[in-house]
Amino acid sequence: METIRGTVQRLIFANESNSYCVFLLYDYNEERITCTGKCEAPKEGDELELTGRFVEHPKYGTQFDVRTLEKCKPDTIGGAKQYLMNLGVKGFGEKSAEKVIAYFEDEIIDILKSDDPKELLEVPGLRKSIKEDLYHTLIGEGALQELNRFLEAGGLSAKWSREIYNIYGGAAIDVLRDNPYTLLHIPGGPSFTMADTLASSLGIEPDDPNRIEAGLRDCLTGIGDNGHSCLPVDVLIQKTFDLLHGCADEIAAAVEEQLEYGQLAATEHDGILYVYTPELYMAETESVALTQLLMNEPVLTALDTEAFLDGFEERYSIRLGDEQREAIDMALTNKVTVITGGPGTGKTTIVKAIVEAFQQTNLQRILLCAPTGRAAKRLTEATGFEATTIHRMLMPVEGSDAYDFSKNEDDPLEADVVIVDEASMLNIQLYYALVAAVPATAHLVIVGDVDQLPPIGAGFVLRDMLNAETIPYTRLAHIYRQEKGNAIVENAHRINEGQMPVLSGDGDFTFIEVHTLRDMMSAIINAYNSLRDDVEDELDIQILSPMRRNAYGSLKISQAVQQAVNPQSPKKAEVVINGITYRVGDKVIQVLNNYEYEIFNGEIGSIYAISKTHMGIRFTDKDVSLPLDEAESIMPAYAITVHKSQGSEYSVVIIPFIPPYGIMLQRSLLYTAVTRARRRVILIGTKSAVQRAVDTVRGDERYTLFKERLQGMIE
């Protein structure tokens with residue numbers, strides 16, 4: 001390890017999401033050194049002392065790999081001025097710094113180095129609020145440096161120091177020394193393993209109660225990400241035991257204690273105790289109670305269903321099948337109804353008929369919704385009735401969690417009928433939020449394809465509703481959209497039934513055989529380029545990858561396609577965010593809910609403008625001028641994952657499918673990808689990969705008691 005000192009000449013790159021930065025340091029030997037590391041990005045003019053080592057980068061040459069970074073207090077008047085300006089105090093600029101320097105002259109150097117620079121509160125000509133902010137910021141800078149050293153001594157990066165300090169202030173070190181696992185409360189902060197490293201350096205014993213509690217919480221917090229609403233107590237104890245490398249008795253005692261004090265919840269079923277977080281327990285139990293309450297309300301519609309259906313057929317010159325007529329009648333005569341079926345089975349026709357039927361009754365306030373913007377737009381186009389996303393309909397509470405909405409039991413939706421499409425995407429928390437907002441007098445119609453990928457998040461509401469067999473439902477099996485030449489629908493059903501799709505080199509379901517990553521990328525680019533003139537909107541072409549990461553993931557595919565179809569040009573504005581280059585004309589996807597701008601996870605748009613401060617993005621239903629510091633929540637979208645495509649439909653989809661995708665080669669994933677296409681599928685890969693997917697039915701066991709609660713098996 002070496003130590004170098006110098007002044008930051010230029011900040012080259014900074015990634016706020018992982019605190020990685022690159023900057024140019026002008027050291028005291030008048031040499032310019034490129035420095036890289038995971039630390040809070042310094043500002044130009046900062047004087048730093050760095051520890052680390054020199055390394056040789058194959059592309060960029062000699063660099064200094066920073067392990068620790070400490071800001072140096074200035075030794076010169078010029079340095080003092082720059083130091084004060086770099087503190088970032090609001091309203092304190094160059095003129096303010098000059099007033100401070102003029103007042104103290106040489107004494108400012110000693111004042112800045114003192115532990116309590118209270119003399120700064122005396123400077124004339126500055127607002128009291130600015131002087132107080134300056135004083136408290138300097139106190140904080142000293143505490144921050146001490147916190148940096150504390151974390152680094154404990155084997156942790158100092159990149160979280162400022163956020164920790166913002167939460168705990170000057171007591172941060174005492175808080176962490178007392179319980180280092182409070183690090184797990186930092187949003188996006190250190191992992192349990194990192195907190196454990198700090199704890200070990202502080203001599204905390206493996207069976208310390210704080211460690212047991214943190215390990216237990218860590219194992220339960222992530223269960224929703226794996227699809228579970230709860231875990232059998234033995235599974236929970238084993239997972240925590242594996243994380244902690246022991247302490248089984250202490251873990252069991254901690255579970256018992258937290259259940260007693262309401263920090264965890266539990267339900268016993270068939271001799272097994274299932275443990276929940278309080279949030280997931282409420283979502284599961286309350287959503288069942290609300291569903292049953294809705295089902296028990298009287299049906300108030302009055303309509304001659306047969307006469308209506310005959311008139312509907314005559315108006316649209318169609319013939320409804322028995323299943324379709326049954327589904328429509330069921331929705332009109334029951335308060336809660338579930339309709340499921342694959343592509344081409346007439347779900348959209350049924351929804352259109354249900355809407356028109358209710359319009360002829362005394363229940364005319366009808367809301368149509370879907371989990372994604374594209375699904376809502378498609379529903380609007382197909383039925384002729386306005387649809388919206390579930391999030392927009394429920395009105396998210398700004399600054400709150402993902403499932404906190406303004407519309408709820410206390411302020412329900414103004415609706416007589418709520419119809420939800422693409423319901424395979426409903427997890428238990430979103431369904432709870434939805435059903436809580438449905439008035440007791442309303443009808444709820446749930447429509448979706450249960451054979452698609454399960455939802456992201458806890459539970460599988462649509463599947464459990466059907467399996468419970470307590471809610472009236474219709475399974476649509478007859479395919480109406482199977483006219484000659486519709487190979488997409490035919491192959492989707494073949495895949496779902498465990499048969500190989502018919503693979504040909506032309507038509508609306510095209511297979512292009514490739515055996516290498518290079519050939520796959522080339523085939524994708526050629527296919528994408530050839531399709532651009534065949535669609536009105538390039539957003540209607542979508543590459544769907546089984547996974548996001550690795551050399552064959554959606555991010556690398558997006559970057560390769562961007563280079564081919566939207567290369568760098570002096571006439572085209574571009575910006576680099578988190579190391580990824582974006583240009584005007586690029587396709588992007590929003591990956592986090594942004595309530596301020598009302599753009600939500602999964603929405604795709606195209607960049608139409610880039611300035612020094614903003615990025616203009618045209619989404620499905622609106623244009624958004626997004627500040628660049630908010631643009632970290634977008635990603636390239638020439639290619640997206642199949643999971644991200646759920647609820648959406650495109651004119652053409654291109655699906656790369658080669659053996660390296662490994663465990664992602666599953667029947668439900670291939671089926672979901674194929675059913676996203678409206679007009680054409682181009683499958684690029686190997687027949688062996690397709691065969692593996694068709695043969696692989698992932699059990700996707702999800703621990704949930706939603707079905708059993710619907711069946712009344714659990715009180």
# chains A, B, ... in the order shown; residues from 1 in each chain; ligands from 1

$ residues_around --residues "segment 155-162 of chain A" --least-positions-apart "5" --cutoff "6 Å" --atoms "only C-alpha atoms" --output "NGL selection string"
:A and (39-40 or 148)

$ write_last_selection --atoms "C-alpha atoms" --output "PDB file, in the first residue's frame"
ATOM      1  CA  CYS A  39     -15.566   6.160  -2.648  1.00  0.00           C
ATOM      2  CA  GLU A  40     -17.562   9.362  -2.512  1.00  0.00           C
ATOM      3  CA  ASN A 148     -14.542   7.134   7.088  1.00  0.00           C
TER       4      ASN A 148
END

$ residues_around --residues "Ile109 of chain A" --least-positions-apart "3" --cutoff "7 Å" --atoms "only C-alpha atoms" --output "list in words"
Pro74, Asp75, Thr76, Ala80, Asp106, Leu112 and Lys113 of chain A

$ residues_around --residues "segment 516-524 of chain A" --least-positions-apart "6" --cutoff "12 Å" --atoms "only C-alpha atoms" --output "count of residues only"
38

$ residues_around --residues "Glu47 of chain A" --least-positions-apart "4" --cutoff "8 Å" --atoms "only C-alpha atoms" --output "list in words"
Arg5, Gly6, Thr7, Val8, Lys71, Cys72, Lys73, Pro74 and Gly79 of chain A

$ closest_residue --among "A:His515, A:Lys622, A:Lys38, A:Arg378" --to "Ser651 of chain A" --atoms "only C-alpha atoms"
A:Arg378

$ select_by_dssp --residues "segment 452-529 of chain A" --states "strand (DSSP E or B)" --output "number ranges by chain"
A: 473-476, 504, 509-513

$ closest_atom_pairs --of "segment 343-425 of chain A" --to "segment 287-307 of chain A" --cutoff "10 Å" --atoms "only C-alpha atoms" --output "CSV"
residue,atom,partner,partner_atom,distance
A:Ala357,CA,A:Leu303,CA,7.9
A:Phe358,CA,A:Thr301,CA,7.9
A:Gln360,CA,A:Leu303,CA,7.5
A:Thr361,CA,A:Thr301,CA,6.0
A:Asn362,CA,A:Thr301,CA,6.6
A:Leu363,CA,A:Thr301,CA,7.0
A:Glu409,CA,A:Leu290,CA,9.6

$ residues_around --residues "Arg680 of chain A" --least-positions-apart "2" --cutoff "9 Å" --atoms "only C-alpha atoms" --output "list in words"
Ala487, Ile488, Gly507, Asp508, Phe509, Thr510, Tyr650, Ser651, Val652, Val653, Ile654, Ala677, Arg678 and Ile682 of chain A

$ closest_residue --among "A:Arg494, A:Thr383, A:Leu320, A:Cys369" --to "Phe308 of chain A" --atoms "only C-alpha atoms"
A:Leu320
